[in-house]
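Undergrad: Pasting a structure below so you can have a look.
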Amino acid sequence: MPSKRGRMSQEVNAGSMADIAFLLLIFFLVTTTIASDKGILNILPPKQDPNDPPPEVELNERNIFNILINANDQLLIEGDFRTDAVGLSDEIKKFVLNFGRPDEENMALFNSLPASLRGMAEQSPESSDYPGSGGAVVSIKTNRGTSYELYLEVLDQVKKAYFEIYGERVGLTAEQYRQLSGRTAAEAELIDKGKEGIPMAISIAEPDKLGGGD
Amino acid sequence: MAKFKKKTKADVNIPTSALPDIIFMLLFFFMVVTVLREQEILVEQKIPQATQLQKIQKKTLISYLYVGKPKNTSLYGTEPRIQANDVLINTSDIVFWVTQEKDKLSEAERDQITISLKADRDVKMGPISDIQFELREADARKLLYASVGRVDL
């Protein structure tokens with residue numbers, strides 16, 4: 001069959017393609033908000049039943065690491081007055097890893113720790129008894145007038161102490177440990193191995209009403 | 001000096017034929033990461049900084065609560081308010097809101113609901129602890145204090 005017309009040029013003019021793409025690009029650039037679901041995870045205690053109050057757990061004073069924050073954003077850490085939370089994570093790490101009066105289970109825990117953590121573990125009788133449950137507890141108590149920013153900073157420091165311990169137990173940095181997703185069996189095992197025997201015992205008390213700032 | 005010949009001029013035309021491809025690549029990147037905002041934020045949001053951030057794996061389990069000073073102070077006052085979906089709610093409405101959010105999830109996932117608390121850094125602990133109390137009442141105990149990373153040296 002003879003062609004009806006002379007063949008047209010096969011090339012499509014692509015010169016304005018870039019302009020069109022630019023336009024779309026700018027539109028998406030403007031409308032984009034890169035969603036970041038990152039933050040500090042906290043598990044709240046179960047709700048209280050007024051008819052069935054939780055059993056009172058008697059803890060020795062030495063087993064509690066007290067952090068109080070008042071309405072003026074001043075801190076009282078283990079009885080010492082502070083104005084900022086710098087270096088708090090190291091103190092908490094030391095507190096958690098203290099083996100004052102370890103029982104059998106916690107002696108085994110001590111022996112399972114890597115050498116670097118064992119070096120940090122002290123046996124001060126004035127500090128916490130052992131890292132296991134019922135041992136070291138970090139307590140944070142705020143006031144209604146405390147700023148959220150400072151509260152988060154303190155919580156951040158406490159979490160940092162724990163993540164450093166967990167990470168070190170499995171030979172990772174705190175950063176790498178935090179990024180474990182637990183999706184694969186190997187990662188889930190690492191997470192469990194890091195936590196094993198050292199629960200993240202952070203107690204967040206109801207804030208005082210005094211000096212109300214809300 | 002005839003010996004030193006001027007260098008031939010370099011070709012000034014930059015080949016632009018690959019430009020659309022590069023732009024398209026960028027375009028696709030932004031199209032993929034884009035989440036179109038489906039709601040207007042009515043409260044101020046200066047998200048605090050923290051270092052020990054964790055990521056939530058399953059985004060469908062997250063519900064957002066925004067807390068901060070209202071942007072429109074003449075209408076809503078200057079006290080921190082809570083925004084859920086696209087309305088400002090009172091503390092007492094949180095339990096009902098959580099129930100609604102839980103209904104959106106499948107039955108097996110209901111107790112895994114995570115509340116992402118996007119609070120402004122200037123908010124005081126009073127309202128925050130009220131919210132925490134209500135969340136405990138509503139049995140939504142996984143709480144994420146949304147924060148952005150800080151690079152500390």
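Residues are referred to by chain and number: the chain letter is A, B, ... according to the order shown in the structure tokens, the number counts from 1 in that chain, and ligands are numbered separately from 1 in the order shown.
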List as a PyMOL selection string the protein and nucleic acid residues near stretch 46-63 of chain B, meaning an atom at most 7 Å away when only C-alpha atoms are counted, but skip any in the same chain fewer than 2 places from it.

TA: (chain A and resi 37-41+149+153+156+159-160+178-179) or (chain B and resi 44+65+112-116+118-121+147-150)

Undergrad: With only C-alpha atoms counted and 7 Å as the cut-off, give the residues of chain B in contact with chain A, each with its shortest interatomic distance in Å and the pair that gives it, as CSV.

TA:
residue,atom,partner,partner_atom,distance
B:Leu19,CA,A:Ala18,CA,6.5
B:Pro20,CA,A:Ala18,CA,4.4
B:Ile23,CA,A:Ala21,CA,6.2
B:Phe24,CA,A:Ala21,CA,6.1
B:Leu27,CA,A:Leu25,CA,4.9
B:Phe30,CA,A:Phe28,CA,6.1
B:Met31,CA,A:Phe28,CA,6.4
B:Val33,CA,A:Ile34,CA,6.4
B:Thr34,CA,A:Thr32,CA,4.9
B:Val35,CA,A:Thr33,CA,6.3
B:Leu36,CA,A:Thr31,CA,6.7
B:Pro48,CA,A:Glu149,CA,6.1
B:Ala50,CA,A:Asp156,CA,6.3
B:Thr51,CA,A:Asp156,CA,6.6
B:Gln52,CA,A:Asp156,CA,5.9
B:Leu53,CA,A:Gly39,CA,4.8
B:Gln54,CA,A:Lys38,CA,5.5
B:Lys55,CA,A:Lys38,CA,4.7
B:Ile56,CA,A:Asp37,CA,6.3
B:Arg121,CA,A:Glu149,CA,5.0
B:Asp122,CA,A:Ser147,CA,6.5
B:Val123,CA,A:Tyr148,CA,5.7
B:Lys124,CA,A:Ser147,CA,4.4
B:Met125,CA,A:Arg144,CA,4.9
B:Gly126,CA,A:Arg144,CA,4.0
B:Pro127,CA,A:Asp214,CA,6.7
B:Arg136,CA,A:Lys47,CA,5.0
B:Glu137,CA,A:Lys47,CA,5.4
B:Asp139,CA,A:Lys47,CA,6.9
B:Arg141,CA,A:Leu44,CA,4.8
B:Lys142,CA,A:Ile43,CA,4.9
B:Leu143,CA,A:Asn42,CA,5.2
B:Leu144,CA,A:Leu41,CA,4.5
B:Tyr145,CA,A:Ile40,CA,5.0
B:Ala146,CA,A:Gly39,CA,4.1
B:Ser147,CA,A:Gly39,CA,4.7
B:Val148,CA,A:Gly39,CA,6.9

Undergrad: Selection from above, C-alpha atoms, as a compact mmCIF listing (two decimals), in the first residue's frame, can you write it?

TA:
# COMPACT_ATOMS: atom_id res chain seq x y z
CA LEU B 19 17.39 17.31 32.02
CA PRO B 20 13.79 16.04 31.79
CA ILE B 23 13.63 16.37 36.83
CA PHE B 24 11.32 13.40 36.47
CA LEU B 27 9.43 14.50 40.69
CA PHE B 30 8.60 13.84 45.87
CA MET B 31 5.43 12.16 44.62
CA VAL B 33 7.20 10.74 49.85
CA THR B 34 4.34 13.21 49.73
CA VAL B 35 1.52 12.89 52.17
CA LEU B 36 -1.09 15.45 51.37
CA PRO B 48 10.38 19.62 70.87
CA ALA B 50 15.04 14.81 71.60
CA THR B 51 17.78 12.33 70.84
CA GLN B 52 16.39 8.89 71.67
CA LEU B 53 13.80 8.69 68.95
CA GLN B 54 12.03 5.53 67.98
CA LYS B 55 10.02 4.92 64.89
CA ILE B 56 6.61 3.34 64.81
CA ARG B 121 7.23 22.74 73.43
CA ASP B 122 5.73 25.66 75.34
CA VAL B 123 2.91 23.57 76.77
CA LYS B 124 3.09 22.91 80.49
CA MET B 125 2.83 19.48 82.09
CA GLY B 126 -0.65 20.17 83.47
CA PRO B 127 -2.59 19.62 80.24
CA ARG B 136 -5.30 5.58 80.62
CA GLU B 137 -9.03 5.70 81.17
CA ASP B 139 -7.09 2.11 77.66
CA ARG B 141 -1.65 3.13 76.74
CA LYS B 142 0.91 3.38 74.00
CA LEU B 143 1.90 6.98 73.81
CA LEU B 144 4.47 8.51 71.52
CA TYR B 145 5.80 11.94 72.41
CA ALA B 146 6.40 13.18 68.89
CA SER B 147 9.73 14.94 68.66
CA VAL B 148 12.36 15.78 66.13

Undergrad: Could you please write out, as a PyMOL selection string, every residue of chain B that DSSP assigns to alpha helix (DSSP H)?

TA: chain B and resi 19-33+73-76+94-104+125-137

Undergrad: Just the number, please: distance in Å from atom CA of B:Gln100 to atom CA of B:Phe133, one decimal.

TA: 17.9 Å

Undergrad: Could you pull out all residues of stretch 126-187 of chain A with a DSSP call of strand (DSSP E) and give them as a list in words?

TA: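 Filtering stretch 126-187 of chain A down to strand (DSSP E) leaves Val137, Val138, Ser139, Ile140, Lys141, Thr142 and Asn143 of chain A.
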
Undergrad: Got time to write the residues from that selection, all heavy atoms, as a PDB file, in the first residue's frame?

TA:
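What follows is the written file again.pdb:
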ATOM      1  N   VAL A 137      14.598   1.536  90.081  1.00  0.00           N
ATOM      2  CA  VAL A 137      13.470   2.229  89.461  1.00  0.00           C
ATOM      3  C   VAL A 137      13.829   3.703  89.327  1.00  0.00           C
ATOM      4  O   VAL A 137      14.339   4.306  90.266  1.00  0.00           O
ATOM      5  CB  VAL A 137      12.180   2.078  90.295  1.00  0.00           C
ATOM      6  CG1 VAL A 137      11.053   2.899  89.715  1.00  0.00           C
ATOM      7  CG2 VAL A 137      11.765   0.625  90.402  1.00  0.00           C
ATOM      8  N   VAL A 138      13.578   4.256  88.155  1.00  0.00           N
ATOM      9  CA  VAL A 138      13.795   5.685  87.966  1.00  0.00           C
ATOM     10  C   VAL A 138      12.436   6.368  88.069  1.00  0.00           C
ATOM     11  O   VAL A 138      11.502   6.001  87.376  1.00  0.00           O
ATOM     12  CB  VAL A 138      14.420   5.977  86.586  1.00  0.00           C
ATOM     13  CG1 VAL A 138      14.622   7.462  86.407  1.00  0.00           C
ATOM     14  CG2 VAL A 138      15.729   5.241  86.438  1.00  0.00           C
ATOM     15  N   SER A 139      12.327   7.304  88.968  1.00  0.00           N
ATOM     16  CA  SER A 139      11.045   7.962  89.182  1.00  0.00           C
ATOM     17  C   SER A 139      11.134   9.423  88.750  1.00  0.00           C
ATOM     18  O   SER A 139      12.035  10.144  89.152  1.00  0.00           O
ATOM     19  CB  SER A 139      10.678   7.861  90.658  1.00  0.00           C
ATOM     20  OG  SER A 139       9.779   8.871  91.004  1.00  0.00           O
ATOM     21  N   ILE A 140      10.199   9.823  87.905  1.00  0.00           N
ATOM     22  CA  ILE A 140      10.156  11.219  87.458  1.00  0.00           C
ATOM     23  C   ILE A 140       8.870  11.834  87.977  1.00  0.00           C
ATOM     24  O   ILE A 140       7.787  11.315  87.723  1.00  0.00           O
ATOM     25  CB  ILE A 140      10.191  11.319  85.923  1.00  0.00           C
ATOM     26  CG1 ILE A 140      11.429  10.620  85.353  1.00  0.00           C
ATOM     27  CG2 ILE A 140      10.176  12.776  85.478  1.00  0.00           C
ATOM     28  CD1 ILE A 140      11.438  10.570  83.832  1.00  0.00           C
ATOM     29  N   LYS A 141       9.005  12.897  88.716  1.00  0.00           N
ATOM     30  CA  LYS A 141       7.811  13.577  89.196  1.00  0.00           C
ATOM     31  C   LYS A 141       7.868  15.033  88.771  1.00  0.00           C
ATOM     32  O   LYS A 141       8.859  15.713  89.003  1.00  0.00           O
ATOM     33  CB  LYS A 141       7.719  13.470  90.714  1.00  0.00           C
ATOM     34  CG  LYS A 141       6.371  13.877  91.262  1.00  0.00           C
ATOM     35  CD  LYS A 141       6.308  13.569  92.745  1.00  0.00           C
ATOM     36  CE  LYS A 141       5.096  14.182  93.407  1.00  0.00           C
ATOM     37  NZ  LYS A 141       3.848  13.531  93.089  1.00  0.00           N
ATOM     38  N   THR A 142       6.818  15.464  88.140  1.00  0.00           N
ATOM     39  CA  THR A 142       6.797  16.843  87.661  1.00  0.00           C
ATOM     40  C   THR A 142       5.744  17.631  88.419  1.00  0.00           C
ATOM     41  O   THR A 142       5.037  17.104  89.256  1.00  0.00           O
ATOM     42  CB  THR A 142       6.447  16.887  86.166  1.00  0.00           C
ATOM     43  OG1 THR A 142       5.186  16.255  85.971  1.00  0.00           O
ATOM     44  CG2 THR A 142       7.494  16.204  85.328  1.00  0.00           C
ATOM     45  N   ASN A 143       5.670  18.870  88.062  1.00  0.00           N
ATOM     46  CA  ASN A 143       4.641  19.746  88.592  1.00  0.00           C
ATOM     47  C   ASN A 143       3.771  20.145  87.414  1.00  0.00           C
ATOM     48  O   ASN A 143       4.220  20.060  86.272  1.00  0.00           O
ATOM     49  CB  ASN A 143       5.338  20.975  89.194  1.00  0.00           C
ATOM     50  CG  ASN A 143       4.372  21.918  89.845  1.00  0.00           C
ATOM     51  OD1 ASN A 143       3.624  22.603  89.171  1.00  0.00           O
ATOM     52  ND2 ASN A 143       4.378  21.951  91.146  1.00  0.00           N
TER      53      ASN A 143
END

Undergrad: Rounded to one decimal, what separation in Å do you get between atom CA of A:Tyr130 and atom CA of A:Pro102?

TA: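 Atom CA of A:Pro102 lies 5.3 Å from atom CA of A:Tyr130.
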
Undergrad: Contacts of B:Trp97 at 8 Å or less, counting only C-alpha atoms, minus same-chain residues fewer than 4 places along, as a list of chain:residue names?

TA: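 My reading of the contact set: B:Ala84, B:Asp93, B:Glu101.
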
Undergrad: I want to know what sits within 12 Å of stretch 90-96 of chain A, based on only C-alpha atoms, with residues of the same chain fewer than 4 positions away left out; could you give that as a ChimeraX atom specification?

TA: /A:62-67,77-78,85-86,100,110,117-139,154-166,168,197-202
